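See below for the structure under consideration.
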Amino acid sequence: MLKEVSADREVNNRCHIPVHLLYLPDSSHLLPPAVDSELESRISTLNLSHVDLVNKTWKFGGNKQGYMNIKNLISNFPSCCITDDQGQPVSWVLVYDYCAMGLLYTLPEHRGRGYAKVLVSTLAKRLFAEGYPVFCNIEEENEVSYRLFKNLGFIEDPSYRAQWCEFNF
């Protein structure tokens with residue numbers, strides 16, 4: 001229907017993959033991974049000096065609009081990252097302006113170390129402590145992220161279906 005209305009009104013649109021809604025009803029459902037003290041000391045929050053890096057790696061970023069969106073998220077919403085020896089983020093997760101966890105990413109050379117599990121768990125605990133709902137939207141084709149969140153105790157709401165669309169007027 002959206003495609004038909006867009007075509008009738010000559011509006012460009014791009015629809016993306018449908019998503020799963022996964023949530024934690026309360027903190028007791030969270031199954032956090034073990035974190036050693038060395039890794040724990042490298043957990044931090046993102047700051048404005050990290051906007052370019054996040055924008056370059058975000059599926060919907062890489063442009064000025066992406067830069068502005070990420071700058072807003074880092075400035076105004078919770079985030080969590082793991083840094084390298086020089087204090088630069090190698091893995092991160094943010095919270096969108098509608099409270100969902102997202103933009104989870106680990107640089108390719110740092111994958112397979114469990115960073116995403118640690119970050120999602122850490123941010124989920126923080127969100128619960130601050131009274132926020134803890135949920136995320138996972139694209140249906142993203143099996144790795146889907147398993148990650150399910151293994152951390154997130155529950156899928158099968159009645160929820162969404163699809164992200166962009167419209168250019």
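Naming works like this for the structure tokens: A, B, ... for the chains as they're shown, residue 1 at the start of each chain, ligands 1 onward in shown order.
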
Neighbours of Ile82 of chain A within 10 Å (only C-alpha atoms; same-chain residues fewer than 5 positions away dropped), as number ranges by chain? A: 39-46, 87-93, 106, 115-116, 118-119

Mind the document's chain letters and residue numbers, and return as a count of residues only the residues of segment 6-169 of chain A that DSSP labels strand (DSSP E). 48

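Closest approach to Ile70 of chain A among A:Phe149, A:Tyr105, A:Phe154, A:Trp58: A:Trp58, based on only C-alpha atoms.
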
Ser27 of chain A surroundings by only C-alpha atoms, 12 Å radius, close-in-sequence under 3 positions cut, as number ranges by chain: A: 23-24, 30-32, 121-135, 152-154

Skip Asn55 of chain A itself and residues of its chain fewer than 2 positions away, then list as a CSV table (one decimal) with all heavy atoms, in the first residue's frame all residues within 12 Å of it, counting only C-alpha atoms.
chain,number,residue,atom,x,y,z
A,48,LEU,N,31.2,12.7,21.3
A,48,LEU,CA,31.1,13.3,20.0
A,48,LEU,C,32.3,13.1,19.1
A,48,LEU,O,32.2,13.1,17.8
A,48,LEU,CB,30.8,14.8,20.1
A,48,LEU,CG,29.5,15.1,20.7
A,48,LEU,CD1,29.3,16.6,20.9
A,48,LEU,CD2,28.3,14.5,19.9
A,49,SER,N,33.5,12.7,19.6
A,49,SER,CA,34.6,12.4,18.8
A,49,SER,C,34.4,11.1,18.1
A,49,SER,O,35.2,10.8,17.1
A,49,SER,CB,35.9,12.4,19.6
A,49,SER,OG,36.0,11.3,20.4
A,50,HIS,N,33.4,10.3,18.4
A,50,HIS,CA,33.2,9.0,17.8
A,50,HIS,C,32.1,9.0,16.7
A,50,HIS,O,31.9,8.0,16.1
A,50,HIS,CB,32.8,8.0,18.9
A,50,HIS,CG,33.8,7.9,20.0
A,50,HIS,ND1,33.4,7.9,21.3
A,50,HIS,CD2,35.1,7.9,20.0
A,50,HIS,CE1,34.4,7.8,22.1
A,50,HIS,NE2,35.5,7.8,21.3
A,51,VAL,N,31.5,10.2,16.5
A,51,VAL,CA,30.4,10.2,15.5
A,51,VAL,C,30.8,9.8,14.1
A,51,VAL,O,30.1,9.0,13.5
A,51,VAL,CB,29.8,11.7,15.5
A,51,VAL,CG1,28.7,11.8,14.4
A,51,VAL,CG2,29.2,12.1,16.8
A,52,ASP,N,32.0,10.2,13.6
A,52,ASP,CA,32.4,9.8,12.3
A,52,ASP,C,32.6,8.3,12.2
A,52,ASP,O,32.1,7.7,11.2
A,52,ASP,CB,33.8,10.5,12.0
A,52,ASP,CG,33.6,11.9,11.4
A,52,ASP,OD1,32.6,12.2,10.8
A,52,ASP,OD2,34.5,12.7,11.7
A,53,LEU,N,33.2,7.7,13.2
A,53,LEU,CA,33.4,6.2,13.1
A,53,LEU,C,32.1,5.5,13.1
A,53,LEU,O,31.9,4.6,12.2
A,53,LEU,CB,34.2,5.8,14.3
A,53,LEU,CG,34.4,4.3,14.5
A,53,LEU,CD1,35.2,3.7,13.3
A,53,LEU,CD2,35.2,4.0,15.8
A,57,THR,N,30.2,3.2,9.7
A,57,THR,CA,29.9,1.8,9.8
A,57,THR,C,28.4,1.5,9.9
A,57,THR,O,28.0,0.3,9.7
A,57,THR,CB,30.6,1.2,11.1
A,57,THR,OG1,30.1,1.9,12.2
A,57,THR,CG2,32.1,1.3,11.0
A,58,TRP,N,27.6,2.5,10.0
A,58,TRP,CA,26.1,2.3,10.2
A,58,TRP,C,25.5,2.0,8.8
A,58,TRP,O,25.8,2.8,7.8
A,58,TRP,CB,25.5,3.5,10.8
A,58,TRP,CG,24.0,3.4,11.1
A,58,TRP,CD1,23.3,2.3,11.4
A,58,TRP,CD2,23.1,4.5,11.0
A,58,TRP,NE1,22.0,2.6,11.6
A,58,TRP,CE2,21.8,3.9,11.4
A,58,TRP,CE3,23.2,5.8,10.7
A,58,TRP,CZ2,20.7,4.7,11.5
A,58,TRP,CZ3,22.0,6.6,10.8
A,58,TRP,CH2,20.8,6.0,11.2
A,59,LYS,N,24.7,1.0,8.7
A,59,LYS,CA,24.1,0.6,7.5
A,59,LYS,C,23.4,1.8,6.8
A,59,LYS,O,23.3,1.9,5.6
A,59,LYS,CB,23.1,-0.5,7.8
A,59,LYS,CG,22.4,-1.1,6.6
A,59,LYS,CD,21.5,-2.2,7.0
A,59,LYS,CE,20.8,-2.8,5.8
A,59,LYS,NZ,20.0,-4.0,6.2
A,60,PHE,N,22.7,2.7,7.6
A,60,PHE,CA,22.0,3.8,7.0
A,60,PHE,C,22.7,5.1,7.1
A,60,PHE,O,22.1,6.1,6.9
A,60,PHE,CB,20.6,3.9,7.7
A,60,PHE,CG,19.8,2.6,7.7
A,60,PHE,CD1,19.6,1.9,8.8
A,60,PHE,CD2,19.3,2.2,6.5
A,60,PHE,CE1,18.9,0.7,8.7
A,60,PHE,CE2,18.6,1.0,6.4
A,60,PHE,CZ,18.3,0.2,7.5
A,61,GLY,N,24.0,5.0,7.4
A,61,GLY,CA,24.8,6.2,7.6
A,61,GLY,C,25.7,6.5,6.4
A,61,GLY,O,25.4,6.1,5.3
A,62,GLY,N,26.8,7.1,6.7
A,62,GLY,CA,27.8,7.4,5.7
A,62,GLY,C,27.6,8.7,5.0
A,62,GLY,O,28.2,9.0,4.0
A,63,ASN,N,26.6,9.4,5.5
A,63,ASN,CA,26.3,10.7,4.8
A,63,ASN,C,26.0,11.8,5.9
A,63,ASN,O,26.1,11.5,7.1
A,63,ASN,CB,25.1,10.6,3.9
A,63,ASN,CG,23.8,10.0,4.6
A,63,ASN,OD1,23.6,10.2,5.8
A,63,ASN,ND2,23.1,9.1,3.9
A,64,LYS,N,25.7,13.0,5.5
A,64,LYS,CA,25.4,14.1,6.5
A,64,LYS,C,24.2,13.8,7.4
A,64,LYS,O,24.3,14.1,8.6
A,64,LYS,CB,25.3,15.4,5.7
A,64,LYS,CG,25.1,16.6,6.6
A,64,LYS,CD,25.1,17.9,5.9
A,64,LYS,CE,25.0,19.0,6.9
A,64,LYS,NZ,25.0,20.3,6.2
A,65,GLN,N,23.2,13.3,6.8
A,65,GLN,CA,22.0,12.9,7.6
A,65,GLN,C,22.3,11.9,8.7
A,65,GLN,O,21.9,12.0,9.8
A,65,GLN,CB,20.8,12.5,6.7
A,65,GLN,CG,19.6,12.2,7.5
A,65,GLN,CD,18.4,11.7,6.6
A,65,GLN,OE1,18.5,11.7,5.4
A,65,GLN,NE2,17.4,11.2,7.2
A,66,GLY,N,23.1,10.9,8.3
A,66,GLY,CA,23.5,9.9,9.2
A,66,GLY,C,24.3,10.5,10.3
A,66,GLY,O,24.2,10.2,11.5
A,67,TYR,N,25.3,11.3,9.9
A,67,TYR,CA,26.1,12.0,10.9
A,67,TYR,C,25.3,12.8,11.9
A,67,TYR,O,25.5,12.7,13.1
A,67,TYR,CB,27.1,13.0,10.2
A,67,TYR,CG,28.0,13.7,11.1
A,67,TYR,CD1,29.3,13.2,11.4
A,67,TYR,CD2,27.6,14.9,11.7
A,67,TYR,CE1,30.1,13.9,12.2
A,67,TYR,CE2,28.5,15.6,12.5
A,67,TYR,CZ,29.7,15.1,12.8
A,67,TYR,OH,30.6,15.7,13.7
A,68,MET,N,24.3,13.6,11.4
A,68,MET,CA,23.5,14.3,12.3
A,68,MET,C,22.6,13.4,13.3
A,68,MET,O,22.5,13.7,14.4
A,68,MET,CB,22.6,15.3,11.5
A,68,MET,CG,23.4,16.3,10.7
A,68,MET,SD,24.5,17.3,11.7
A,68,MET,CE,23.4,18.2,12.7
A,69,ASN,N,22.1,12.3,12.7
A,69,ASN,CA,21.3,11.4,13.5
A,69,ASN,C,22.2,10.8,14.6
A,69,ASN,O,21.8,10.8,15.8
A,69,ASN,CB,20.8,10.3,12.7
A,69,ASN,CG,19.6,10.7,11.8
A,69,ASN,OD1,18.9,11.7,12.1
A,69,ASN,ND2,19.3,9.9,10.8
A,70,ILE,N,23.4,10.4,14.3
A,70,ILE,CA,24.3,9.7,15.3
A,70,ILE,C,24.7,10.8,16.3
A,70,ILE,O,24.8,10.5,17.5
A,70,ILE,CB,25.4,9.0,14.6
A,70,ILE,CG1,24.9,7.8,13.8
A,70,ILE,CG2,26.5,8.6,15.6
A,70,ILE,CD1,25.8,7.3,12.8
A,71,LYS,N,25.0,12.0,15.9
A,71,LYS,CA,25.4,13.0,16.8
A,71,LYS,C,24.3,13.3,17.8
A,71,LYS,O,24.6,13.4,19.0
A,71,LYS,CB,25.8,14.3,16.0
A,71,LYS,CG,26.2,15.5,16.9
A,71,LYS,CD,26.5,16.7,16.0
A,71,LYS,CE,26.9,17.9,16.9
A,71,LYS,NZ,27.1,19.1,16.1
A,72,ASN,N,23.1,13.3,17.4
A,72,ASN,CA,22.0,13.5,18.3
A,72,ASN,C,21.9,12.3,19.3
A,72,ASN,O,21.7,12.6,20.5
A,72,ASN,CB,20.7,13.6,17.5
A,72,ASN,CG,19.4,13.7,18.4
A,72,ASN,OD1,19.4,14.5,19.2
A,72,ASN,ND2,18.5,12.8,18.1
A,73,LEU,N,22.0,11.1,18.8
A,73,LEU,CA,21.9,10.0,19.7
A,73,LEU,C,23.0,9.9,20.7
A,73,LEU,O,22.7,9.7,21.9
A,73,LEU,CB,21.9,8.7,18.8
A,73,LEU,CG,20.8,8.5,17.8
A,73,LEU,CD1,20.9,7.1,17.1
A,73,LEU,CD2,19.4,8.5,18.5
A,74,ILE,N,24.2,10.2,20.3
A,74,ILE,CA,25.3,10.2,21.2
A,74,ILE,C,25.2,11.3,22.2
A,74,ILE,O,25.5,11.1,23.4
A,74,ILE,CB,26.7,10.2,20.5
A,74,ILE,CG1,26.9,8.9,19.8
A,74,ILE,CG2,27.8,10.6,21.4
A,74,ILE,CD1,28.2,8.9,18.9
A,103,LEU,N,22.2,0.1,16.5
A,103,LEU,CA,23.5,0.4,15.9
A,103,LEU,C,24.6,-0.4,16.5
A,103,LEU,O,25.7,0.1,16.7
A,103,LEU,CB,23.8,1.9,16.1
A,103,LEU,CG,23.0,2.9,15.2
A,103,LEU,CD1,21.7,3.3,15.8
A,103,LEU,CD2,23.9,4.1,14.8
A,105,TYR,N,27.5,-2.7,16.8
A,105,TYR,CA,28.6,-2.9,15.8
A,105,TYR,C,29.9,-3.2,16.4
A,105,TYR,O,30.2,-2.6,17.4
A,105,TYR,CB,28.7,-1.7,14.8
A,105,TYR,CG,29.6,-2.0,13.6
A,105,TYR,CD1,29.1,-2.6,12.5
A,105,TYR,CD2,30.9,-1.6,13.6
A,105,TYR,CE1,29.9,-2.9,11.4
A,105,TYR,CE2,31.8,-1.9,12.6
A,105,TYR,CZ,31.2,-2.5,11.4
A,105,TYR,OH,32.1,-2.8,10.4

Taking the DSSP secondary structure from the backbone, can you list the residues of segment 28-122 of chain A that are alpha helix (DSSP H), as number ranges by chain? A: 37-40, 51-57, 64-76, 115-122

Nearest to Lys117 of chain A, chosen from A:Ala34, A:Tyr98, A:Ile138, A:Glu156, with only C-alpha atoms counted in the distances: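 Among the listed residues, the smallest separation from Lys117 of chain A belongs to A:Ala34.
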
Please compute the atom CA of Gly114 of chain A-atom CA of Leu94 of chain A distance, one decimal, in Å. 17.1 Å

Minimum-distance residue to Thr83 of chain A, chosen among A:His20, A:Cys99, A:Glu38, A:Gly112 (using only C-alpha atoms):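 Closest residue, counting only C-alpha atoms: A:Glu38.
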
Can you list, as a PDB file with C-alpha atoms, in the first residue's frame, every protein, DNA or RNA residue that comes within 12 Å of Asn142 of chain A when you count only C-alpha atoms, leaving out same-chain residues fewer than 2 positions away?
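That gives us part_8.pdb:
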ATOM      1  CA  ILE A  17      13.561  -5.695   5.673  1.00  0.00           C
ATOM      2  CA  PRO A  18      10.830  -6.466   8.236  1.00  0.00           C
ATOM      3  CA  VAL A  19      12.036  -6.679  11.839  1.00  0.00           C
ATOM      4  CA  HIS A  20      11.547  -8.791  14.959  1.00  0.00           C
ATOM      5  CA  LEU A 104      25.242  -2.513  17.531  1.00  0.00           C
ATOM      6  CA  ASN A 137      14.310  -4.351  16.562  1.00  0.00           C
ATOM      7  CA  ILE A 138      16.303  -6.976  14.660  1.00  0.00           C
ATOM      8  CA  GLU A 139      16.050  -7.294  10.889  1.00  0.00           C
ATOM      9  CA  GLU A 140      14.597 -10.684   9.954  1.00  0.00           C
ATOM     10  CA  VAL A 144      23.542 -13.405  14.267  1.00  0.00           C
ATOM     11  CA  SER A 145      21.985 -10.481  16.162  1.00  0.00           C
ATOM     12  CA  TYR A 146      18.732 -12.381  16.642  1.00  0.00           C
ATOM     13  CA  ARG A 147      20.587 -15.286  18.334  1.00  0.00           C
ATOM     14  CA  LEU A 148      22.711 -12.874  20.375  1.00  0.00           C
ATOM     15  CA  PHE A 149      19.692 -11.129  21.903  1.00  0.00           C
TER      16      PHE A 149
END

For a quick check of understanding, using only C-alpha atoms, which of A:Ala162, A:Leu22, A:Cys136, A:Ser28 has the smallest distance to Met101 of chain A?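 Ranked by minimum distance to Met101 of chain A, first place goes to A:Cys136.
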